[in-house]
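Pasted below: final_11.cif, mmCIF, C-alpha atoms and all ligand atoms.
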data_start
loop_
_atom_site.label_atom_id
_atom_site.label_comp_id
_atom_site.auth_asym_id
_atom_site.auth_seq_id
_atom_site.Cartn_x
_atom_site.Cartn_y
_atom_site.Cartn_z
CA MET A 1 104.35 27.33 53.33
CA LYS A 2 102.51 24.93 50.95
CA ALA A 3 99.67 22.46 51.27
CA ASN A 4 98.66 19.51 49.11
CA VAL A 5 95.11 20.45 48.06
CA SER A 6 92.72 18.36 45.98
CA GLU A 7 90.04 21.04 45.66
CA LEU A 8 88.89 24.28 47.22
CA PHE A 9 85.26 25.30 46.79
CA TYR A 10 82.34 27.14 48.32
CA SER A 11 79.24 25.14 49.16
CA THR A 12 76.86 24.26 51.97
CA GLN A 13 77.77 21.71 54.61
CA GLY A 14 75.68 18.64 53.80
CA GLU A 15 76.60 16.39 56.73
CA GLY A 16 76.65 16.19 60.51
CA ILE A 17 75.48 18.66 63.12
CA THR A 18 76.76 21.73 61.24
CA ILE A 19 74.57 20.80 58.28
CA GLY A 20 73.18 23.68 56.26
CA SER A 21 76.05 26.10 56.98
CA PRO A 22 77.50 27.90 53.94
CA SER A 23 81.18 26.92 54.10
CA ILE A 24 84.46 27.09 52.24
CA PHE A 25 85.86 23.59 51.83
CA ILE A 26 89.58 22.90 51.62
CA ARG A 27 89.94 19.27 50.61
CA PHE A 28 93.48 18.03 51.14
CA CYS A 29 95.17 15.27 49.18
CA GLY A 30 96.29 12.14 50.98
CA CYS A 31 94.81 9.72 53.48
CA ASN A 32 96.27 7.03 55.75
CA LEU A 33 93.19 4.79 55.23
CA ARG A 34 91.56 3.12 52.24
CA CYS A 35 87.86 2.73 53.03
CA PRO A 36 85.94 0.67 50.46
CA PHE A 37 83.04 3.13 50.62
CA CYS A 38 85.22 6.25 50.21
CA ASP A 39 83.41 8.83 48.06
CA THR A 40 86.50 11.02 47.59
CA LYS A 41 88.92 8.47 46.15
CA TYR A 42 90.25 11.13 43.79
CA ALA A 43 91.75 12.87 46.86
CA LEU A 44 93.62 9.88 48.28
CA ASP A 45 96.84 10.08 46.26
CA CYS A 46 96.72 13.36 44.36
CA LYS A 47 99.56 15.85 44.28
CA ASN A 48 98.67 19.50 43.90
CA TYR A 49 100.77 21.79 46.04
CA LEU A 50 99.41 25.29 46.56
CA SER A 51 101.14 28.07 48.45
CA TYR A 52 99.52 29.76 51.42
CA GLU A 53 99.11 32.90 49.29
CA GLU A 54 97.33 31.01 46.49
CA ILE A 55 94.94 29.45 48.99
CA ILE A 56 94.10 32.61 50.92
CA ASN A 57 93.60 34.56 47.67
CA GLN A 58 90.99 32.05 46.52
CA ILE A 59 89.29 32.01 49.92
CA LYS A 60 88.97 35.77 50.02
CA GLN A 61 86.71 35.59 46.95
CA PHE A 62 84.00 33.79 48.94
CA PRO A 63 81.56 35.61 51.25
CA ALA A 64 81.53 32.98 54.04
CA LYS A 65 83.63 33.09 57.19
CA ARG A 66 83.49 29.38 57.81
CA ILE A 67 86.21 26.98 56.64
CA ILE A 68 86.02 23.19 56.67
CA PHE A 69 89.29 21.26 56.40
CA THR A 70 88.48 17.90 54.90
CA GLY A 71 90.10 15.23 52.75
CA GLY A 72 91.53 12.79 52.39
CA GLU A 73 92.77 13.10 55.95
CA PRO A 74 93.36 16.71 57.00
CA ALA A 75 95.19 15.75 60.21
CA LEU A 76 98.12 14.79 57.96
CA GLN A 77 98.49 18.51 57.19
CA ASP A 78 98.28 19.66 60.77
CA GLU A 79 101.20 22.06 60.51
CA PHE A 80 99.73 23.95 57.56
CA ILE A 81 96.31 24.13 59.26
CA ALA A 82 97.79 25.56 62.46
CA PHE A 83 99.76 28.09 60.41
CA PHE A 84 96.67 29.05 58.38
CA ILE A 85 94.52 29.58 61.49
CA SER A 86 97.20 31.65 63.21
CA LYS A 87 97.30 33.97 60.17
CA ASN A 88 93.50 34.24 59.86
CA PRO A 89 91.89 34.14 63.30
CA ASN A 90 88.56 35.60 62.20
CA PHE A 91 87.13 32.50 60.54
CA PHE A 92 85.18 29.64 62.12
CA TYR A 93 87.23 26.48 61.60
CA GLN A 94 85.99 22.92 61.34
CA MET A 95 87.96 19.74 60.60
CA GLU A 96 86.57 16.43 59.34
CA THR A 97 88.90 13.61 60.34
CA ASN A 98 88.87 9.81 60.45
CA GLY A 99 90.03 9.95 64.08
CA THR A 100 93.23 7.91 63.75
CA ILE A 101 95.75 10.77 63.89
CA LEU A 102 95.83 13.51 66.49
CA PRO A 103 96.42 16.94 64.89
CA GLN A 104 98.71 18.08 67.69
CA LYS A 105 99.27 21.66 66.54
CA SER A 106 95.78 22.62 65.40
CA ILE A 107 93.55 20.61 67.74
CA THR A 108 93.04 23.42 70.24
CA LEU A 109 92.74 26.08 67.52
CA LEU A 110 89.79 24.47 65.72
CA ASP A 111 86.26 25.54 66.58
CA HIS A 112 84.62 22.21 65.78
CA ILE A 113 85.88 18.75 64.85
CA THR A 114 83.86 16.05 63.16
CA VAL A 115 85.47 12.73 64.00
CA SER A 116 84.31 9.97 61.68
CA PRO A 117 85.75 6.67 62.99
CA LYS A 118 86.09 3.78 60.53
CA MET A 119 85.30 0.49 62.26
CA PHE A 120 88.12 -1.44 60.57
CA GLU A 121 90.78 0.98 61.89
CA ILE A 122 89.97 2.33 65.33
CA ASN A 123 92.53 4.12 67.50
CA THR A 124 90.84 4.32 70.90
CA ASP A 125 93.60 6.44 72.45
CA VAL A 126 93.20 9.09 69.76
CA LEU A 127 89.41 8.99 70.03
CA LYS A 128 89.67 9.60 73.78
CA GLU A 129 91.94 12.58 73.14
CA PHE A 130 89.41 14.07 70.72
CA LYS A 131 86.71 13.55 73.32
CA ASN A 132 88.70 15.24 76.07
CA ILE A 133 90.60 18.05 74.34
CA VAL A 134 88.34 19.48 71.67
CA LYS A 135 86.00 22.32 72.64
CA SER A 136 83.30 21.21 70.20
CA VAL A 137 83.22 17.72 68.74
CA GLU A 138 80.85 15.24 67.13
CA PHE A 139 81.41 11.56 66.38
CA LYS A 140 79.90 10.72 63.02
CA PHE A 141 79.54 7.10 61.96
CA VAL A 142 78.73 6.04 58.41
CA VAL A 143 76.33 3.16 59.07
CA ASN A 144 74.23 0.48 57.50
CA GLU A 145 71.15 -1.05 59.13
CA ASP A 146 73.35 -3.24 61.33
CA PHE A 147 75.23 -0.91 63.68
CA ASP A 148 75.92 -3.15 66.69
CA LYS A 149 79.72 -2.73 66.45
CA GLU A 150 79.40 1.04 66.36
CA MET A 151 77.12 0.95 69.42
CA GLU A 152 79.64 -1.15 71.34
CA LEU A 153 82.38 1.44 70.66
CA ILE A 154 80.11 4.39 71.48
CA TYR A 155 79.15 2.90 74.85
CA ARG A 156 82.68 1.70 75.67
CA LEU A 157 84.26 5.12 75.08
CA THR A 158 81.15 7.13 76.07
CA LEU A 159 81.34 9.09 72.82
CA LYS A 160 78.96 12.01 72.40
CA PRO A 161 77.35 13.66 70.61
CA VAL A 162 76.90 10.96 68.00
CA VAL A 163 75.59 11.24 64.46
CA PHE A 164 74.70 8.28 62.25
CA GLN A 165 75.02 8.95 58.55
CA PRO A 166 73.35 6.22 56.48
CA ILE A 167 75.88 5.00 53.92
CA TRP A 168 74.99 5.70 50.29
CA GLU A 169 76.18 2.76 48.23
CA ASN A 170 75.09 1.79 44.71
CA GLU A 171 71.42 2.53 45.29
CA ASN A 172 68.92 5.00 43.90
CA LEU A 173 67.38 7.81 45.91
CA SER A 174 64.23 5.98 46.93
CA GLU A 175 66.27 2.97 48.13
CA TYR A 176 68.49 5.35 50.11
CA ILE A 177 65.45 6.96 51.71
CA GLN A 178 64.08 3.51 52.61
CA LYS A 179 67.38 2.52 54.22
CA THR A 180 67.56 5.82 56.10
CA THR A 181 64.01 5.37 57.40
CA LYS A 182 64.85 1.89 58.71
CA ILE A 183 67.93 3.24 60.50
CA ILE A 184 65.88 6.09 62.00
CA GLU A 185 63.30 3.61 63.34
CA LYS A 186 65.99 1.36 64.82
CA VAL A 187 67.76 4.31 66.47
CA LYS A 188 64.44 5.47 67.97
CA GLU A 189 64.13 2.07 69.65
CA LYS A 190 67.72 1.27 70.60
CA ALA A 191 69.68 4.51 70.91
CA PRO A 192 67.49 7.61 71.04
CA PHE A 193 70.45 9.87 71.94
CA ILE A 194 71.82 9.49 68.40
CA ARG A 195 70.93 11.84 65.55
CA VAL A 196 70.42 10.29 62.12
CA ILE A 197 71.41 12.76 59.40
CA PRO A 198 71.60 11.67 55.75
CA GLN A 199 73.99 13.26 53.23
CA ILE A 200 71.76 16.14 52.18
CA HIS A 201 74.16 17.56 49.58
CA LYS A 202 74.07 14.27 47.65
CA ILE A 203 70.28 14.16 47.79
CA LEU A 204 70.07 17.72 46.48
CA TYR A 205 72.91 17.82 43.97
CA GLY A 206 73.85 14.18 43.26
CA ASN A 207 77.16 12.47 43.84
CA ARG A 208 79.65 14.86 42.26
CA ARG A 209 82.66 16.95 43.16
CA GLY A 210 82.66 20.52 44.42
CA ILE A 211 79.34 20.40 46.29
S1 LIG A 301 89.19 8.00 55.85
FE1 LIG A 301 87.79 9.22 54.57
S2 LIG A 301 89.04 10.01 52.89
FE2 LIG A 301 90.21 8.35 53.86
S3 LIG A 301 89.70 6.55 52.63
FE3 LIG A 301 88.28 6.61 54.37
S4 LIG A 301 86.45 7.70 53.61
FE4 LIG A 301 88.14 8.11 52.16
#

Same coordinates, now as structure tokens:
Amino acid sequence: MKANVSELFYSTQGEGITIGSPSIFIRFCGCNLRCPFCDTKYALDCKNYLSYEEIINQIKQFPAKRIIFTGGEPALQDEFIAFFISKNPNFFYQMETNGTILPQKSITLLDHITVSPKMFEINTDVLKEFKNIVKSVEFKFVVNEDFDKEMELIYRLTLKPVVFQPIWENENLSEYIQKTTKIIEKVKEKAPFIRVIPQIHKILYGNRRGI
């Protein structure tokens, strides 16, 4: 069996509630969305098919037992993911998805799913499924200082736990910190059940691939 893989690397999770965990990242090619703020555009249309054997041989070189399927949109490669997990049950498996496609075969095999809904393309039925089926889930929203639309969705679908990740646009580090601080203050007032977690890997290493 083959998978369309943009990159495979060993790093530390820099986002969401599993932040700080040394992890092996399998970034798949292909996505059903085109977000203007996408920071992995190189993975949207690439073609790089690797066999299961090529992938597992690379993974075995890393000391971690934690794998993050990301993209692109990993739910598009649901069949490969389910196959991979069935062959290697001794890893911890996380998926990072945009929440528009239900990964039917792997959803109950994954240990944690980060669902990152994009406000211009919401599939409420799929979001409800993630909320109800997955054993461990988080809903991570990439936000600016105005997050009223996100709050409406969170309350309407009773999503939890929720993470806000301040969006990093064309700004320098001190501007990003200022924006993040404003979002933190607003969350403290309006929605204190939400965690605000910036993209730590970008702060530490800059905006580049393989980190
Ligand atoms: S869903 Fe993710 S990978 Fe796809 S375009 Fe949006 S940000 Fe990029």

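Closest approach to Ile101 in chain A among A:Glu145, A:Glu73, A:Asp39, A:Glu150: A:Glu73, based on all atoms listed in the file.
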
When distances are computed from all atoms listed in the file, which of A:Tyr42, A:Tyr176, A:Tyr10, A:Phe147 shows the smallest separation from ligand LIG 301 (chain A)? A:Tyr42

Where's the centre, and what are the edge lengths in Å to one decimal, of a box along x, y and z enclosing all listed atoms of ligand LIG 301 (chain A) padded 3 Å per side, as lines of an AutoDock Vina configuration file?
center_x = 88.3
center_y = 8.3
center_z = 54.0
size_x = 9.8
size_y = 9.5
size_z = 9.7

Could you give me, as a tab-separated table, every chain A residue with an atom at most 6 Å from ligand LIG 301 (chain A), plus its closest atom pair and distance in Å to one decimal, counting all atoms listed in the file, rows ordered by chain then number?
residue	atom	partner	partner_atom	distance
A:Cys31	CA	A:LIG301	FE2	4.8
A:Leu33	CA	A:LIG301	S3	4.7
A:Arg34	CA	A:LIG301	S3	3.9
A:Cys35	CA	A:LIG301	FE3	4.1
A:Cys38	CA	A:LIG301	S4	3.9
A:Thr40	CA	A:LIG301	FE4	5.7
A:Gly71	CA	A:LIG301	S2	5.3
A:Gly72	CA	A:LIG301	S2	3.8
A:Glu73	CA	A:LIG301	S2	5.7
A:Asn98	CA	A:LIG301	S1	5.0

Among listed residues A:Leu110, A:Leu127, A:Ile26, A:Val142, nearest Glu169 in chain A (using all atoms listed in the file):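 The shortest atom-to-atom distance to Glu169 in chain A comes from A:Val142.
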
With distances taken over all atoms listed in the file, the candidate from A:Ile154, A:Lys41, A:Lys149, A:Ala191 nearest Arg208 in chain A is A:Lys41

Under the rule that all atoms listed in the file are counted, which of A:Lys105, A:Asp146, A:Leu153, A:Asn207 is the nearest residue to Lys182 in chain A?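 For Lys182 in chain A, the nearest of the candidates is A:Asp146.
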
How many Å separate CA of Met95 in chain A from CA of Glu152 in chain A? 24.9 Å

Pick from A:Gln77, A:Ser23, A:Thr70, A:Thr18: nearest to Glu138 in chain A, with only C-alpha atoms counted?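 So, comparing all the options, the nearest one is A:Thr18.
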
Contacts of Asn144 in chain A at 9 Å (only C-alpha atoms; same-chain gap of 5+ positions) as a list in words: Gln165, Pro166, Ile167, Trp168, Lys179, Thr180 and Ile183 of chain A

Using only C-alpha atoms, determine which residues lie at most 9 Å from Lys160 in chain A, disregarding the query and same-chain residues fewer than 2 positions distant; provide the list as a PyMOL selection string. chain A and resi 131+137-139+154+158+162-163+193-194

Near Ile133 in chain A, counting all atoms listed in the file, which residues have an atom at most 12 Å away, once you skip same-chain residues fewer than 3 positions from it, shown as a PDB file with C-alpha atoms, keeping the file's coordinate frame?
ATOM      1  CA  LEU A 102      95.830  13.510  66.490  1.00  0.00           C
ATOM      2  CA  PRO A 103      96.420  16.940  64.890  1.00  0.00           C
ATOM      3  CA  GLN A 104      98.710  18.080  67.690  1.00  0.00           C
ATOM      4  CA  SER A 106      95.780  22.620  65.400  1.00  0.00           C
ATOM      5  CA  ILE A 107      93.550  20.610  67.740  1.00  0.00           C
ATOM      6  CA  THR A 108      93.040  23.420  70.240  1.00  0.00           C
ATOM      7  CA  LEU A 109      92.740  26.080  67.520  1.00  0.00           C
ATOM      8  CA  LEU A 110      89.790  24.470  65.720  1.00  0.00           C
ATOM      9  CA  ASP A 111      86.260  25.540  66.580  1.00  0.00           C
ATOM     10  CA  HIS A 112      84.620  22.210  65.780  1.00  0.00           C
ATOM     11  CA  ILE A 113      85.880  18.750  64.850  1.00  0.00           C
ATOM     12  CA  VAL A 126      93.200   9.090  69.760  1.00  0.00           C
ATOM     13  CA  LEU A 127      89.410   8.990  70.030  1.00  0.00           C
ATOM     14  CA  LYS A 128      89.670   9.600  73.780  1.00  0.00           C
ATOM     15  CA  GLU A 129      91.940  12.580  73.140  1.00  0.00           C
ATOM     16  CA  PHE A 130      89.410  14.070  70.720  1.00  0.00           C
ATOM     17  CA  SER A 136      83.300  21.210  70.200  1.00  0.00           C
ATOM     18  CA  VAL A 137      83.220  17.720  68.740  1.00  0.00           C
TER      19      VAL A 137
END
